[in-house]
$ cat model-v1.cif   # mmCIF, C-alpha atoms and all ligand atoms
data_start
loop_
_atom_site.group_PDB
_atom_site.id
_atom_site.type_symbol
_atom_site.label_atom_id
_atom_site.label_comp_id
_atom_site.auth_asym_id
_atom_site.auth_seq_id
_atom_site.Cartn_x
_atom_site.Cartn_y
_atom_site.Cartn_z
ATOM 1 C CA MET C 1 21.556 5.685 -7.046
ATOM 2 C CA LEU C 2 19.917 2.564 -5.692
ATOM 3 C CA LYS C 3 21.069 3.372 -2.167
ATOM 4 C CA SER C 4 19.409 6.753 -2.257
ATOM 5 C CA ALA C 5 16.246 5.081 -3.561
ATOM 6 C CA CYS C 6 16.098 3.071 -0.425
ATOM 7 C CA GLN C 7 17.007 5.937 1.832
ATOM 8 C CA ARG C 8 13.813 7.587 0.637
ATOM 9 C CA ILE C 9 11.836 5.059 2.596
ATOM 10 C CA LEU C 10 14.289 4.963 5.445
ATOM 11 C CA TYR C 11 14.846 8.273 7.075
ATOM 12 C CA GLY C 12 11.970 10.412 5.844
ATOM 13 C CA PHE C 13 10.810 10.790 9.383
ATOM 14 C CA LEU C 14 11.033 8.549 12.350
ATOM 15 C CA ARG C 15 7.768 6.738 12.753
ATOM 16 C CA CYS C 16 6.856 4.299 15.439
ATOM 17 C CA HIS C 17 3.489 2.614 15.521
ATOM 18 C CA ARG C 18 1.698 0.984 18.353
ATOM 19 C CA CYS C 19 0.231 -2.288 17.270
ATOM 20 C CA LYS C 20 -1.561 -4.057 20.089
ATOM 21 C CA SER C 21 1.151 -4.280 22.733
ATOM 22 C CA THR C 22 4.132 -3.979 20.372
ATOM 23 C CA MET C 23 5.826 -0.774 19.287
ATOM 24 C CA VAL C 24 6.975 -1.060 15.701
ATOM 25 C CA ASN C 25 9.909 1.016 14.534
ATOM 26 C CA VAL C 26 9.158 1.424 10.836
ATOM 27 C CA ASP C 27 12.579 2.983 10.127
ATOM 28 C CA GLN C 28 14.255 -0.127 11.409
ATOM 29 C CA CYS C 29 11.973 -2.286 9.277
ATOM 30 C CA ALA C 30 12.789 -0.205 6.197
ATOM 31 C CA GLU C 31 16.512 -0.349 6.830
ATOM 32 C CA GLN C 32 16.524 -4.104 7.226
ATOM 33 C CA ILE C 33 14.373 -4.848 4.181
ATOM 34 C CA CYS C 34 16.422 -2.528 1.956
ATOM 35 C CA GLN C 35 19.605 -4.397 2.798
ATOM 36 C CA LEU C 36 18.013 -7.794 2.322
ATOM 37 C CA VAL C 37 16.350 -6.938 -0.986
ATOM 38 C CA ASP C 38 19.674 -5.574 -2.222
ATOM 39 C CA GLN C 39 21.341 -8.938 -1.587
ATOM 40 C CA ALA C 40 18.380 -10.797 -3.062
ATOM 41 C CA GLY C 41 18.643 -8.693 -6.219
ATOM 42 C CA LYS C 42 22.256 -9.793 -6.674
ATOM 43 C CA GLN C 43 21.136 -13.388 -6.268
ATOM 44 C CA LEU C 44 18.377 -12.992 -8.841
ATOM 45 C CA LEU C 45 20.760 -11.320 -11.293
ATOM 46 C CA GLU C 46 23.386 -14.025 -10.863
ATOM 47 C CA ALA C 47 20.826 -16.801 -11.335
ATOM 48 C CA SER C 48 19.417 -15.112 -14.426
ATOM 49 C CA LYS C 49 22.748 -15.705 -16.215
ATOM 50 C CA GLU C 50 22.271 -19.436 -16.034
ATOM 51 C CA LEU C 51 19.758 -21.751 -17.586
ATOM 52 C CA ARG C 52 16.836 -21.700 -15.185
ATOM 53 C CA LYS C 53 15.572 -25.103 -14.270
ATOM 54 C CA PHE C 54 12.100 -25.145 -12.808
ATOM 55 C CA GLU C 55 9.549 -27.355 -11.177
ATOM 56 C CA THR C 56 5.790 -27.037 -11.286
ATOM 57 C CA LYS C 57 3.448 -26.480 -8.338
ATOM 58 C CA ALA C 58 -0.362 -26.500 -8.598
ATOM 59 C CA HIS C 59 -0.425 -26.996 -12.405
ATOM 60 C CA SER C 60 1.826 -27.080 -15.447
ATOM 61 C CA ARG C 61 2.056 -23.287 -15.719
ATOM 62 C CA ASP C 62 2.656 -22.632 -12.027
ATOM 63 C CA LEU C 63 6.461 -22.583 -12.035
ATOM 64 C CA VAL C 64 8.999 -22.389 -9.234
ATOM 65 C CA THR C 65 12.807 -22.306 -9.377
ATOM 66 C CA THR C 66 15.394 -22.943 -6.702
ATOM 67 C CA THR C 67 16.065 -19.177 -6.785
ATOM 68 C CA ASP C 68 12.468 -18.443 -5.650
ATOM 69 C CA GLY C 69 12.931 -20.702 -2.627
ATOM 70 C CA ALA C 70 16.447 -19.462 -1.848
ATOM 71 C CA ILE C 71 15.477 -15.775 -1.962
ATOM 72 C CA GLU C 72 12.368 -16.267 0.167
ATOM 73 C CA LYS C 73 14.379 -18.172 2.747
ATOM 74 C CA GLN C 74 17.098 -15.534 2.831
ATOM 75 C CA LEU C 75 14.597 -12.675 3.198
ATOM 76 C CA MET C 76 12.661 -14.548 5.858
ATOM 77 C CA GLN C 77 15.711 -15.445 7.923
ATOM 78 C CA GLY C 78 17.117 -11.919 7.720
ATOM 79 C CA LEU C 79 13.816 -10.392 8.813
ATOM 80 C CA GLN C 80 13.067 -12.947 11.508
ATOM 81 C CA LEU C 81 16.447 -12.344 13.086
ATOM 82 C CA LYS C 82 15.485 -8.698 13.711
ATOM 83 C CA PHE C 83 11.737 -9.079 14.051
ATOM 84 C CA PRO C 84 10.972 -12.483 15.550
ATOM 85 C CA GLN C 85 7.482 -11.375 16.693
ATOM 86 C CA HIS C 86 6.316 -10.293 13.248
ATOM 87 C CA VAL C 87 4.057 -12.380 11.013
ATOM 88 C CA TYR C 88 5.257 -13.642 7.621
ATOM 89 C CA ILE C 89 3.225 -14.525 4.535
ATOM 90 C CA GLY C 90 5.094 -15.689 1.448
ATOM 91 C CA GLU C 91 4.565 -17.362 -1.864
ATOM 92 C CA GLU C 92 6.862 -20.327 -1.470
ATOM 93 C CA GLY C 93 5.679 -21.524 1.904
ATOM 94 C CA THR C 94 8.872 -20.734 3.813
ATOM 95 C CA ALA C 95 6.918 -17.763 5.075
ATOM 96 C CA GLY C 96 3.491 -18.318 6.536
ATOM 97 C CA ALA C 97 4.004 -21.957 7.434
ATOM 98 C CA ALA C 98 3.475 -21.237 11.111
ATOM 99 C CA THR C 99 0.866 -18.498 10.930
ATOM 100 C CA GLY C 100 -1.219 -19.400 7.897
ATOM 101 C CA ARG C 101 -2.242 -16.670 5.518
ATOM 102 C CA LYS C 102 -4.662 -14.647 7.597
ATOM 103 C CA LEU C 103 -4.018 -10.923 7.632
ATOM 104 C CA SER C 104 -4.299 -9.500 11.147
ATOM 105 C CA ASP C 105 -3.391 -6.198 12.813
ATOM 106 C CA ALA C 106 0.046 -7.630 13.638
ATOM 107 C CA PRO C 107 3.107 -6.328 11.793
ATOM 108 C CA THR C 108 3.141 -8.558 8.710
ATOM 109 C CA TRP C 109 5.706 -9.059 5.952
ATOM 110 C CA ILE C 110 4.183 -10.233 2.665
ATOM 111 C CA ILE C 111 6.883 -11.597 0.389
ATOM 112 C CA ASP C 112 7.093 -12.650 -3.240
ATOM 113 C CA PRO C 113 10.727 -13.679 -3.821
ATOM 114 C CA ILE C 114 10.264 -13.537 -7.608
ATOM 115 C CA ASP C 115 7.095 -12.072 -9.011
ATOM 116 C CA GLY C 116 7.021 -13.044 -12.667
ATOM 117 C CA THR C 117 8.606 -16.477 -12.259
ATOM 118 C CA ILE C 118 7.642 -17.549 -15.788
ATOM 119 C CA ASN C 119 9.370 -14.426 -17.128
ATOM 120 C CA PHE C 120 12.439 -15.242 -15.035
ATOM 121 C CA VAL C 121 12.555 -18.793 -16.407
ATOM 122 C CA HIS C 122 12.339 -17.472 -19.976
ATOM 123 C CA GLY C 123 14.746 -14.555 -19.555
ATOM 124 C CA PHE C 124 11.963 -11.994 -20.199
ATOM 125 C CA PRO C 125 13.201 -9.104 -18.050
ATOM 126 C CA TYR C 126 10.030 -8.347 -16.063
ATOM 127 C CA SER C 127 10.558 -10.045 -12.726
ATOM 128 C CA CYS C 128 11.023 -8.454 -9.361
ATOM 129 C CA ILE C 129 11.456 -9.122 -5.690
ATOM 130 C CA SER C 130 8.323 -7.742 -4.087
ATOM 131 C CA VAL C 131 7.971 -7.122 -0.362
ATOM 132 C CA GLY C 132 5.174 -5.305 1.414
ATOM 133 C CA PHE C 133 5.156 -4.543 5.129
ATOM 134 C CA TRP C 134 1.617 -4.221 6.552
ATOM 135 C CA LEU C 135 0.542 -2.918 9.914
ATOM 136 C CA ASN C 136 -2.990 -2.767 11.307
ATOM 137 C CA GLN C 137 -4.101 -4.225 7.953
ATOM 138 C CA GLN C 138 -2.686 -1.251 6.036
ATOM 139 C CA PRO C 139 0.399 -1.199 3.778
ATOM 140 C CA GLU C 140 3.245 0.677 5.449
ATOM 141 C CA LEU C 141 6.336 -0.043 3.314
ATOM 142 C CA ALA C 142 6.804 -1.337 -0.225
ATOM 143 C CA ILE C 143 9.756 -2.439 -2.329
ATOM 144 C CA CYS C 144 9.621 -3.908 -5.821
ATOM 145 C CA TYR C 145 13.140 -4.409 -7.130
ATOM 146 C CA ASN C 146 13.789 -5.549 -10.682
ATOM 147 C CA PRO C 147 17.577 -5.970 -10.831
ATOM 148 C CA LEU C 148 17.419 -6.970 -14.504
ATOM 149 C CA LEU C 149 16.274 -3.463 -15.470
ATOM 150 C CA GLN C 150 17.905 -1.780 -12.454
ATOM 151 C CA GLN C 151 14.551 -0.477 -11.261
ATOM 152 C CA ARG C 152 13.893 -0.148 -7.571
ATOM 153 C CA PHE C 153 10.409 1.090 -6.702
ATOM 154 C CA THR C 154 9.906 2.097 -3.078
ATOM 155 C CA ALA C 155 7.083 3.614 -1.080
ATOM 156 C CA ARG C 156 6.275 4.444 2.488
ATOM 157 C CA ARG C 157 2.806 5.337 3.726
ATOM 158 C CA ASN C 158 2.204 9.098 3.523
ATOM 159 C CA ALA C 159 5.728 9.665 2.194
ATOM 160 C CA GLY C 160 5.333 9.144 -1.557
ATOM 161 C CA ALA C 161 6.458 6.604 -4.149
ATOM 162 C CA TYR C 162 9.878 6.556 -5.806
ATOM 163 C CA LEU C 163 11.756 4.935 -8.668
ATOM 164 C CA ASN C 164 15.504 4.801 -7.968
ATOM 165 C CA GLY C 165 15.112 7.704 -5.572
ATOM 166 C CA GLN C 166 13.082 9.928 -7.909
ATOM 167 C CA ARG C 167 9.514 10.769 -6.928
ATOM 168 C CA ILE C 168 6.938 9.191 -9.242
ATOM 169 C CA ARG C 169 3.283 9.988 -9.875
ATOM 170 C CA VAL C 170 0.409 8.357 -11.725
ATOM 171 C CA SER C 171 -0.530 9.672 -15.166
ATOM 172 C CA GLY C 172 -3.706 11.527 -14.210
ATOM 173 C CA GLN C 173 -5.580 9.930 -17.121
ATOM 174 C CA THR C 174 -9.352 10.185 -16.640
ATOM 175 C CA GLN C 175 -10.677 8.638 -19.870
ATOM 176 C CA LEU C 176 -10.689 4.959 -20.696
ATOM 177 C CA GLN C 177 -10.722 5.755 -24.410
ATOM 178 C CA ARG C 178 -7.301 7.426 -23.985
ATOM 179 C CA ALA C 179 -5.858 4.924 -21.517
ATOM 180 C CA LEU C 180 -3.185 2.237 -21.694
ATOM 181 C CA ILE C 181 -4.391 -0.669 -19.584
ATOM 182 C CA MET C 182 -2.374 -3.530 -18.077
ATOM 183 C CA HIS C 183 -3.911 -6.934 -17.388
ATOM 184 C CA GLU C 184 -2.971 -10.593 -17.000
ATOM 185 C CA LEU C 185 -4.612 -13.666 -18.524
ATOM 186 C CA GLN C 186 -4.518 -16.920 -16.572
ATOM 187 C CA ALA C 187 -5.070 -20.374 -17.969
ATOM 188 C CA ALA C 188 -4.042 -22.548 -14.973
ATOM 189 C CA ASN C 189 -6.247 -25.623 -15.194
ATOM 190 C CA PHE C 190 -9.387 -23.524 -15.384
ATOM 191 C CA PRO C 191 -12.724 -24.579 -16.842
ATOM 192 C CA ARG C 192 -13.476 -23.026 -20.224
ATOM 193 C CA GLU C 193 -15.937 -20.554 -18.681
ATOM 194 C CA LEU C 194 -13.218 -18.874 -16.624
ATOM 195 C CA ILE C 195 -11.024 -18.484 -19.682
ATOM 196 C CA ASP C 196 -13.938 -17.017 -21.645
ATOM 197 C CA ARG C 197 -14.718 -14.493 -18.894
ATOM 198 C CA GLN C 198 -11.138 -13.249 -18.992
ATOM 199 C CA ILE C 199 -11.216 -12.973 -22.775
ATOM 200 C CA CYS C 200 -14.496 -11.020 -22.611
ATOM 201 C CA ASN C 201 -12.919 -8.604 -20.129
ATOM 202 C CA ALA C 202 -9.838 -8.229 -22.308
ATOM 203 C CA GLU C 203 -12.077 -7.608 -25.321
ATOM 204 C CA GLN C 204 -13.936 -4.860 -23.452
ATOM 205 C CA MET C 205 -10.661 -3.091 -22.784
ATOM 206 C CA MET C 206 -9.362 -3.651 -26.336
ATOM 207 C CA LEU C 207 -12.486 -2.037 -27.738
ATOM 208 C CA LYS C 208 -12.630 0.846 -25.274
ATOM 209 C CA ALA C 209 -9.014 1.760 -24.404
ATOM 210 C CA HIS C 210 -6.033 2.970 -26.423
ATOM 211 C CA ALA C 211 -4.211 -0.301 -25.794
ATOM 212 C CA LEU C 212 -4.040 -3.400 -23.627
ATOM 213 C CA ARG C 213 -0.679 -4.700 -22.370
ATOM 214 C CA THR C 214 0.712 -7.384 -20.097
ATOM 215 C CA THR C 215 4.108 -7.832 -18.423
ATOM 216 C CA GLY C 216 3.579 -11.213 -16.763
ATOM 217 C CA SER C 217 4.193 -9.722 -13.327
ATOM 218 C CA ALA C 218 1.396 -8.279 -11.220
ATOM 219 C CA ALA C 219 3.919 -6.312 -9.156
ATOM 220 C CA MET C 220 5.532 -4.818 -12.265
ATOM 221 C CA ASN C 221 2.105 -3.893 -13.669
ATOM 222 C CA LEU C 222 1.382 -1.952 -10.483
ATOM 223 C CA CYS C 223 4.798 -0.268 -10.684
ATOM 224 C CA LEU C 224 3.968 0.877 -14.225
ATOM 225 C CA VAL C 225 0.703 2.434 -13.040
ATOM 226 C CA ALA C 226 2.548 4.167 -10.176
ATOM 227 C CA LEU C 227 5.122 5.438 -12.678
ATOM 228 C CA GLY C 228 2.453 6.898 -14.968
ATOM 229 C CA ALA C 229 3.606 4.640 -17.827
ATOM 230 C CA ALA C 230 0.287 2.764 -17.706
ATOM 231 C CA ASP C 231 -3.055 4.243 -16.693
ATOM 232 C CA GLY C 232 -4.836 1.223 -15.286
ATOM 233 C CA TYR C 233 -4.456 -2.431 -14.372
ATOM 234 C CA PHE C 234 -6.963 -5.128 -13.542
ATOM 235 C CA GLU C 235 -6.576 -8.758 -12.616
ATOM 236 C CA PHE C 236 -8.848 -11.374 -11.114
ATOM 237 C CA PHE C 237 -6.294 -13.893 -9.858
ATOM 238 C CA PRO C 238 -3.331 -12.190 -8.194
ATOM 239 C CA HIS C 239 -2.240 -13.473 -4.813
ATOM 240 C CA ALA C 240 -1.647 -11.271 -1.771
ATOM 241 C CA TRP C 241 2.131 -11.563 -2.197
ATOM 242 C CA ASP C 242 1.938 -10.430 -5.855
ATOM 243 C CA VAL C 243 0.319 -7.109 -4.936
ATOM 244 C CA ALA C 244 1.161 -6.359 -1.267
ATOM 245 C CA ALA C 245 3.905 -3.891 -2.247
ATOM 246 C CA GLY C 246 2.465 -2.583 -5.519
ATOM 247 C CA VAL C 247 -0.801 -1.349 -4.010
ATOM 248 C CA LEU C 248 1.094 1.043 -1.722
ATOM 249 C CA LEU C 249 3.219 2.238 -4.651
ATOM 250 C CA VAL C 250 0.096 3.136 -6.635
ATOM 251 C CA ARG C 251 -1.615 4.830 -3.685
ATOM 252 C CA GLU C 252 1.491 6.825 -2.768
ATOM 253 C CA ALA C 253 1.873 7.868 -6.411
ATOM 254 C CA GLY C 254 -1.648 9.325 -6.181
ATOM 255 C CA GLY C 255 -3.582 6.457 -7.768
ATOM 256 C CA VAL C 256 -6.634 4.413 -6.845
ATOM 257 C CA ILE C 257 -6.777 0.789 -5.661
ATOM 258 C CA ILE C 258 -10.213 -0.832 -5.450
ATOM 259 C CA ASP C 259 -12.042 -4.074 -6.123
ATOM 260 C CA PRO C 260 -12.889 -4.602 -9.840
ATOM 261 C CA ALA C 261 -16.601 -4.467 -8.908
ATOM 262 C CA GLY C 262 -16.095 -1.033 -7.376
ATOM 263 C CA GLY C 263 -15.928 -1.854 -3.644
ATOM 264 C CA ASP C 264 -13.008 -1.633 -1.258
ATOM 265 C CA PHE C 265 -9.824 -3.499 -2.119
ATOM 266 C CA ASP C 266 -9.325 -6.695 -0.124
ATOM 267 C CA ILE C 267 -5.780 -8.060 -0.369
ATOM 268 C CA MET C 268 -6.900 -11.657 0.219
ATOM 269 C CA SER C 269 -9.662 -11.605 -2.412
ATOM 270 C CA ARG C 270 -7.479 -12.239 -5.492
ATOM 271 C CA ARG C 271 -9.173 -9.291 -7.228
ATOM 272 C CA LEU C 272 -7.643 -5.928 -8.022
ATOM 273 C CA LEU C 273 -8.225 -2.762 -9.978
ATOM 274 C CA ALA C 274 -5.574 -0.032 -10.018
ATOM 275 C CA THR C 275 -6.015 3.248 -11.834
ATOM 276 C CA ALA C 276 -4.536 6.706 -12.126
ATOM 277 C CA THR C 277 -7.816 8.423 -11.229
ATOM 278 C CA PRO C 278 -11.253 7.697 -9.706
ATOM 279 C CA GLN C 279 -12.891 8.665 -13.037
ATOM 280 C CA LEU C 280 -10.933 5.982 -14.883
ATOM 281 C CA ALA C 281 -11.682 3.473 -12.118
ATOM 282 C CA HIS C 282 -15.401 4.137 -12.566
ATOM 283 C CA GLN C 283 -15.253 3.498 -16.335
ATOM 284 C CA MET C 284 -13.234 0.306 -15.873
ATOM 285 C CA VAL C 285 -15.660 -0.999 -13.257
ATOM 286 C CA GLN C 286 -18.467 -0.467 -15.778
ATOM 287 C CA ALA C 287 -16.513 -2.217 -18.540
ATOM 288 C CA LEU C 288 -15.811 -5.223 -16.300
ATOM 289 C CA ALA C 289 -19.305 -5.439 -14.798
ATOM 290 C CA ASN C 290 -20.629 -8.358 -16.855
ATOM 291 C CA TRP C 291 -17.712 -10.748 -16.430
ATOM 292 C CA GLN C 292 -16.698 -10.637 -12.799
ATOM 293 C CA ILE C 293 -14.667 -13.556 -11.427
ATOM 294 C CA TYR C 294 -14.479 -14.702 -7.796
ATOM 295 C CA GLU C 295 -11.620 -17.148 -7.200
ATOM 296 C CA GLN C 296 -10.902 -18.897 -3.912
ATOM 297 C CA ARG C 297 -9.484 -16.349 -1.483
ATOM 298 C CA ASP C 298 -5.896 -16.529 -0.239
ATOM 299 C CA ASP C 299 -6.983 -16.764 3.399
ATOM 300 C CA VAL C 300 -9.342 -19.710 2.938
HETATM 301 C C1 LIG C 401 2.192 -14.283 -10.945
HETATM 302 C C2 LIG C 401 2.448 -13.054 -11.762
HETATM 303 C C3 LIG C 401 1.412 -12.916 -12.847
HETATM 304 C C4 LIG C 401 0.038 -12.839 -12.274
HETATM 305 C C5 LIG C 401 -0.246 -14.023 -11.393
HETATM 306 C C6 LIG C 401 0.836 -14.183 -10.338
HETATM 307 P P1 LIG C 401 4.384 -15.378 -9.776
HETATM 308 O O1 LIG C 401 3.125 -14.351 -9.871
HETATM 309 O O2 LIG C 401 2.410 -11.913 -10.969
HETATM 310 O O3 LIG C 401 1.570 -11.733 -13.555
HETATM 311 O O4 LIG C 401 -0.878 -12.806 -13.314
HETATM 312 O O5 LIG C 401 -1.493 -13.795 -10.774
HETATM 313 O O6 LIG C 401 0.559 -15.317 -9.561
HETATM 314 O O7 LIG C 401 3.790 -16.753 -9.728
HETATM 315 O O8 LIG C 401 5.199 -15.161 -10.972
HETATM 316 O O9 LIG C 401 5.026 -14.965 -8.519
#

$ encode --input "model-v1.cif" --output "structure tokens" --more "lines below"
Ligand code: IPD
Amino acid sequence: MLKSACQRILYGFLRCHRCKSTMVNVDQCAEQICQLVDQAGKQLLEASKELRKFETKAHSRDLVTTTDGAIEKQLMQGLQLKFPQHVYIGEEGTAGAATGRKLSDAPTWIIDPIDGTINFVHGFPYSCISVGFWLNQQPELAICYNPLLQQRFTARRNAGAYLNGQRIRVSGQTQLQRALIMHELQAANFPRELIDRQICNAEQMMLKAHALRTTGSAAMNLCLVALGAADGYFEFFPHAWDVAAGVLLVREAGGVIIDPAGGDFDIMSRRLLATATPQLAHQMVQALANWQIYEQRDDV
């Protein structure tokens, strides 16, 4: 089942892209990442059976485990072996150390070894390995694999989005008052005002939508929108690696990805709005208009 899920992004049609002077064989990229994510999933599953020790990074709620580092390293090494010229951006610093975090036209792998690290530490089964492959600043391939729930979401540009090999589509919901909305609240070490802005946004959605939900994983939230299980998702703080795969999944499932103020989506901006339809996007932009948040960009 999982194999066929991956084959969906492998052999749909042979596609090579010219990127500056390099020809990129996207089939080869898909084949390699499928194998590597498969192995990484086994690693995540194995580690999830043990007590997860963690360390903290920027603040007391920014957790990292040895599994995050090990998976990123394994993915990076496996990809670099085949694609030494490509650019790598990753959460744990194994990737991106040499190139920084600027997105260019170059073939770029954007890797989150475990999206939902806090969930992973607590045994809450919403964590996934998320890898997006971008070319000419556009998402080309996406995999979000949650081995805990045996869910492998895959997408390839212009070739659809899939869950375990089955085609998926967004819900088609057009009305906020009938929508189920995903979001994430961040405390970090923020000033009170930033916390209040998030609460005001959440309140807007609580009052206007059917329901407001959170999984604790930006990538999983996007997968749920692509699946049609949620109708919308907004967040003001996700990093590029949290959403690099999920945005392609939503687009290929027929959904909309924009900035929460209504402009074009910018992967480095740490701002995201995903919806099933443009009508719903419009209503969410209106609901979020008074409490916009602009965090420091990922490429600064
Ligand atoms: C985090 C999760 C969380 C989101 C944060 C991310 P991590 O990623 O996706 O849901 O709200 O913005 O940083 O740290 O678990 O990989």

$ closest_residue --input "model-v1.cif" --among "C:Asn201, C:Gln296, C:Ser217, C:Gln286" --to "ligand LIG 401 (chain C)" --atoms "all atoms listed in the file"
C:Ser217

$ closest_residue --input "model-v1.cif" --among "C:Ile114, C:Ala70, C:Leu176, C:Val247" --to "ligand LIG 401 (chain C)" --atoms "all atoms listed in the file"
C:Ile114

$ closest_residue --input "model-v1.cif" --among "C:Ser130, C:Gln137, C:Gln80, C:Gln150" --to "ligand LIG 401 (chain C)" --atoms "only C-alpha atoms and all ligand atoms"
C:Ser130

$ resolve_selection --input "model-v1.cif" --expression "the PyMOL selection byres (((not hetatm)) within 9 of (chain C and resi 401))" --output "ChimeraX atom specification"
/C:62-64,68,91,112-120,127-128,183-186,214-221,235-239,241-243,270

$ residues_around --input "model-v1.cif" --residues "C:Thr275" --least-positions-apart "5" --cutoff "8 Å" --atoms "all atoms listed in the file" --output "MDAnalysis selection string"
chainID C and resid 225 231:233 255:257 280:281

$ axis_aligned_box --input "model-v1.cif" --around "stretch 147-159 of chain C" --padding-each-side "3 Å" --output "lines of an AutoDock Vina configuration file"
center_x = 10.1
center_y = 1.3
center_z = -5.9
size_x = 21.7
size_y = 22.6
size_z = 25.2

$ build_atoms --input "model-v1.cif" --residues "stretch 242-258 of chain C" --atoms "N, CA and C atoms" --output "PDB file, in the frame of the given file"
ATOM      1  N   ASP C 242       1.657 -11.085  -4.567  1.00  0.00           N
ATOM      2  CA  ASP C 242       1.938 -10.430  -5.855  1.00  0.00           C
ATOM      3  C   ASP C 242       1.701  -8.927  -5.771  1.00  0.00           C
ATOM      4  N   VAL C 243       0.770  -8.510  -4.896  1.00  0.00           N
ATOM      5  CA  VAL C 243       0.319  -7.109  -4.936  1.00  0.00           C
ATOM      6  C   VAL C 243       0.545  -6.326  -3.637  1.00  0.00           C
ATOM      7  N   ALA C 244       1.057  -7.000  -2.594  1.00  0.00           N
ATOM      8  CA  ALA C 244       1.161  -6.359  -1.267  1.00  0.00           C
ATOM      9  C   ALA C 244       2.020  -5.097  -1.296  1.00  0.00           C
ATOM     10  N   ALA C 245       3.044  -5.080  -2.142  1.00  0.00           N
ATOM     11  CA  ALA C 245       3.905  -3.891  -2.247  1.00  0.00           C
ATOM     12  C   ALA C 245       3.326  -2.914  -3.277  1.00  0.00           C
ATOM     13  N   GLY C 246       2.912  -3.435  -4.407  1.00  0.00           N
ATOM     14  CA  GLY C 246       2.465  -2.583  -5.519  1.00  0.00           C
ATOM     15  C   GLY C 246       1.283  -1.695  -5.178  1.00  0.00           C
ATOM     16  N   VAL C 247       0.372  -2.179  -4.326  1.00  0.00           N
ATOM     17  CA  VAL C 247      -0.801  -1.349  -4.010  1.00  0.00           C
ATOM     18  C   VAL C 247      -0.388  -0.063  -3.270  1.00  0.00           C
ATOM     19  N   LEU C 248       0.634  -0.171  -2.419  1.00  0.00           N
ATOM     20  CA  LEU C 248       1.094   1.043  -1.722  1.00  0.00           C
ATOM     21  C   LEU C 248       1.792   1.991  -2.710  1.00  0.00           C
ATOM     22  N   LEU C 249       2.547   1.406  -3.645  1.00  0.00           N
ATOM     23  CA  LEU C 249       3.219   2.238  -4.651  1.00  0.00           C
ATOM     24  C   LEU C 249       2.198   3.071  -5.430  1.00  0.00           C
ATOM     25  N   VAL C 250       1.110   2.409  -5.851  1.00  0.00           N
ATOM     26  CA  VAL C 250       0.096   3.136  -6.635  1.00  0.00           C
ATOM     27  C   VAL C 250      -0.574   4.209  -5.774  1.00  0.00           C
ATOM     28  N   ARG C 251      -0.937   3.839  -4.548  1.00  0.00           N
ATOM     29  CA  ARG C 251      -1.615   4.830  -3.685  1.00  0.00           C
ATOM     30  C   ARG C 251      -0.695   6.017  -3.406  1.00  0.00           C
ATOM     31  N   GLU C 252       0.558   5.733  -3.100  1.00  0.00           N
ATOM     32  CA  GLU C 252       1.491   6.825  -2.768  1.00  0.00           C
ATOM     33  C   GLU C 252       1.851   7.667  -3.989  1.00  0.00           C
ATOM     34  N   ALA C 253       1.642   7.086  -5.184  1.00  0.00           N
ATOM     35  CA  ALA C 253       1.873   7.868  -6.411  1.00  0.00           C
ATOM     36  C   ALA C 253       0.610   8.649  -6.789  1.00  0.00           C
ATOM     37  N   GLY C 254      -0.426   8.535  -5.956  1.00  0.00           N
ATOM     38  CA  GLY C 254      -1.648   9.325  -6.181  1.00  0.00           C
ATOM     39  C   GLY C 254      -2.765   8.559  -6.859  1.00  0.00           C
ATOM     40  N   GLY C 255      -2.585   7.247  -7.041  1.00  0.00           N
ATOM     41  CA  GLY C 255      -3.582   6.457  -7.768  1.00  0.00           C
ATOM     42  C   GLY C 255      -4.625   5.820  -6.868  1.00  0.00           C
ATOM     43  N   VAL C 256      -5.474   5.020  -7.503  1.00  0.00           N
ATOM     44  CA  VAL C 256      -6.634   4.413  -6.845  1.00  0.00           C
ATOM     45  C   VAL C 256      -6.482   2.897  -6.864  1.00  0.00           C
ATOM     46  N   ILE C 257      -6.764   2.258  -5.738  1.00  0.00           N
ATOM     47  CA  ILE C 257      -6.777   0.789  -5.661  1.00  0.00           C
ATOM     48  C   ILE C 257      -8.139   0.385  -5.110  1.00  0.00           C
ATOM     49  N   ILE C 258      -8.898  -0.361  -5.913  1.00  0.00           N
ATOM     50  CA  ILE C 258     -10.213  -0.832  -5.450  1.00  0.00           C
ATOM     51  C   ILE C 258     -10.453  -2.258  -5.936  1.00  0.00           C
TER      52      ILE C 258
END
